[in-house]
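Chemist: Once you've had a glance at the structure underneath, I'll fire off some questions.
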Amino acid sequence: MNRIKRISTELLQNHPNRFGLEFDANKKALNDLAIVRSKVFRNELAGYITSHLRKQAAQEKASMAAAAGETEEDQESEEAEE
């Protein structure tokens, strides 16, 4: 596991409420939580965290939509049987 992924995962596990879907907000949170001496490294960390959280949100949205689609299909099939 590379350094960016390892550190980002550790930060997300320890401070899940400090990060969101906005890159700039994540950069500011990183400045508050950790001492990152390199501007490029800080941006890479913030970018990885942002993309990880966006992917996670998209997966949750898709799974909720799939679950809602299944319940709608179930309701339609029950109505058709009646």
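Residue numbering restarts at 1 in every chain; chains get A, B, ... in the order shown in the structure tokens, and ligands count up from 1 in that same order.
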Would you mind listing what lies within 10 Å of stretch 29-34 of chain A as number ranges by chain, with only C-alpha atoms counted and same-chain residues fewer than 4 positions away left out?
Modeler: A: 8, 11, 15, 18-20, 23-25, 42-43, 45-46
Chemist: Using only C-alpha atoms, which protein or nucleic acid residues come within 7 Å of stretch 51-64 of chain A? Drop anything in the same chain fewer than 3 positions from it, and give the result as a list in words.
Modeler: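 Close residues of stretch 51-64 of chain A: Gly20, Leu21, Gly47, Tyr48, Ala67 and Ala68 of chain A.
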Chemist: Just checking: using only C-alpha atoms, which residue out of A:Gly69, A:Asn17, A:Glu22, A:Lys27 ends up closest to A:Lys39?
Modeler: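 Smallest separation from A:Lys39 among the options: A:Lys27.
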Chemist: May I have all residues of stretch 17-81 of chain A that DSSP, computed from the backbone, assigns to alpha helix (DSSP H), given as a PyMOL selection string?
Modeler: chain A and resi 23-33+39-81
Chemist: Under the rule that only C-alpha atoms are counted, which of A:Lys28, A:Asn14, A:Ala66, A:Ile4 is the nearest residue to A:Glu44?
Modeler: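 Nearest to A:Glu44: A:Ile4.
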